[in-house]
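Here the structure comes first, spelled out in C-alpha cells, and everything after it is commentary.
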Amino acid sequence: ANSVWGNEASVLVGDFLYTRAFEMMVELDSMRLMQILSHTTNVIAEGEVLQLLNVHDADTTEERYLQVIHHKTAKLFEAAGQLGALISNASAEIETALAQYAMHLGSAFQLVDDLLDYSASSETIGKNIGDDLAEGKPTLPLIYAMQNGSREQSAVIREAIEHGQRDKINDIIDIIHSTGAIDYTAAAARKEVEQAKANLSIVPDSQYKAALIGLADFAVSRHF
C-alpha cells in the first residue's frame with residue numbers, strides 16, 4: 001500500500017479498516033468479540049506510548065524494542081487470528097493456535113518492515129529510506145549494529161538516533177550491513193515465522209491452512 005498510495009494514505013486507510021471492524025463486530029452482537037477488539041486497541045495504544053518513550057533513546061535494548069512490536073503489530077495480528085477463529089466457531093484449541101500463529105506472524109512482519117528500512121529502495125517500500133532514523137526510532141538493525149560495531153560506528157548511529165538525523169544514512173546503512181545487523185534481524189524474523197507455522201500443527205490440513213503457511217513464508221521473503 002505504501003508504494004502505491006504513500007505512507008500517510010496507507011495509515012489513514014488502516015485506521016478506517018480498524019474502526020470498520022468495530023462496526024462489524026457490533027452487528028454480530030457478540031460481547032466476546034468486542035472485548036477482544038477493545039483490549040487490543042488498549043494494548044496497541046500502550047505500545048505507542050512505549051515507542052514514544054524509546055524515541056531518540058540510543059540506549060534502547062533489544063528487549064524493549066521487542067516489547068514495542070509485540071504491543072503494536074503483533075497484538076493487532078493476534079486479534080485478527082483470534083477473531084477469525086471465533087467467528088467461524090472453531091474450538092478453543094484452534095482459537096489459541098490461530099491467535100499464536102498470528103502473533104508470531106505480526107512480529108515477523110514488523111521485523112522485516114524495520115529491516116527493509118535499511119536494505120530496500122524508497123521506490124520499493126513506498127517511503128523514504130531511513131524514515132525511522134529521522135524520527136529517532138531505535139529499531140533492531142540499529143540496536144544490533146551499535147552493540148556489535150566499533151566505537152566509532154556506534155557513535156555515528158547514536159548521534160543519528162539522538163538527533164533524528166538522516167544526513168549520514170549511507171554510512172549507517174554500510175555499518176548495518178558490515179556488522180551483520182541485516183542478517184541478525186532477518187534470522188529473528190525467520191524464527192518468528194517458524195514459531196507461527198508450528199502453531200498450525202493442530203489445524204486440519206486444507207487449502208486455508210496452506211494459505212496461512214504461504215502467508216508466513218511470504219512475510220519473511222517480501223521486498224516491499
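Every chain in the C-alpha cells takes a letter, A first, then B, and so on in the order presented; its residues are numbered from 1, and the ligands are numbered from 1 following the presented order.
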Kindly provide the residues of region 17-113 of chain A that approach region 180-188 of chain A to within 10 Å, each paired with its closest atom pair and their distance in Å to one decimal, based on only C-alpha atoms, listed by chain and increasing number, as JSON lines.
```
{"residue": "A:Ser107", "atom": "CA", "partner": "A:Ala188", "partner_atom": "CA", "distance": 9.2}
{"residue": "A:Ala108", "atom": "CA", "partner": "A:Ala188", "partner_atom": "CA", "distance": 7.5}
{"residue": "A:Leu111", "atom": "CA", "partner": "A:Thr185", "partner_atom": "CA", "distance": 6.5}
{"residue": "A:Val112", "atom": "CA", "partner": "A:Ala186", "partner_atom": "CA", "distance": 6.7}
```
Output of the above residues as a compact mmCIF listing (two decimals), in the first residue's frame, restricted to C-alpha atoms:
```txt
# COMPACT_ATOMS: atom_id res chain seq x y z
CA SER A 107 6.28 -9.92 14.94
CA ALA A 108 7.96 -11.31 11.81
CA LEU A 111 10.95 -7.17 11.94
CA VAL A 112 11.08 -7.37 8.15
```
Shell around His177 (chain A) at 10 Å using only C-alpha atoms, local window under 6 positions removed, as a list of chain:residue names: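 Residues meeting the cut-off are A:Tyr118, A:Ser119, A:Pro141, A:Ala145, A:Asp183.
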Output C-alpha atoms of each residue in that selection to a file, as a tab-separated table (two decimals), in the first residue's frame.
```
chain	number	residue	atom	x	y	z
A	118	TYR	CA	17.90	-0.16	5.56
A	119	SER	CA	18.00	-2.77	2.81
A	141	PRO	CA	19.03	-3.24	12.88
A	145	ALA	CA	24.74	-2.56	14.80
A	183	ASP	CA	21.24	-10.98	8.76
```
For Phe224 (chain A), the nearest of the candidates A:Leu17, A:Ala79, A:Val193, A:Ile129, counting only C-alpha atoms: A:Ile129
From A:Gln195, A:Asn42, A:Asp174, A:Ser154, residue lying nearest His104 (chain A) [only C-alpha atoms]: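 The shortest atom-to-atom distance to His104 (chain A) comes from A:Gln195.
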Residue with smallest distance to Ala85 (chain A) - pool A:Leu215, A:Tyr208, A:Leu98, A:Val43, counting only C-alpha atoms: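 Result for the nearest residue to Ala85 (chain A): A:Leu98.
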Separation of CA of Ile176 (chain A) from CA of Gly164 (chain A) in Å: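 Taking CA of Gly164 (chain A) as the start and CA of Ile176 (chain A) as the end point, the length is 16.9 Å.
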Glu48 (chain A) environment, 10 Å, only C-alpha atoms, sequence neighbours closer than 6 positions dropped, as number ranges by chain: A: 42, 54, 68-69, 71-72
Long-range neighbours of Leu33 (chain A) as a list in words, 7 Å cut-off, only C-alpha atoms, 4 positions minimum in chain: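 In the requested form, the answer reads Met25, Leu37 and Leu83 of chain A.
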Store the residues of this selection in a file with C-alpha atoms, as a PDB file, in the first residue's frame.
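Contents of again07.pdb, freshly written:
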```pdb
ATOM      1  CA  MET A  25     -18.387  -6.681  15.416  1.00  0.00           C
ATOM      2  CA  LEU A  37     -11.108  -5.654  19.904  1.00  0.00           C
ATOM      3  CA  LEU A  83     -11.445 -13.145  15.834  1.00  0.00           C
TER       4      LEU A  83
END
```
Spatial neighbours of Ala196 (chain A), 7 Å, only C-alpha atoms, chain gap at least 5 places, as a PyMOL selection string: chain A and resi 100-102+104-105
Top pick for closest residue to Glu162 (chain A), considering A:Thr19, A:Asn148, A:Thr60, A:Ser178 and counting only C-alpha atoms: A:Thr60
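Between Ile44 (chain A) and the residues A:Ile169, A:Leu66, A:Leu140, A:Ala74, the shortest atom-to-atom distance, using only C-alpha atoms, involves A:Ala74.
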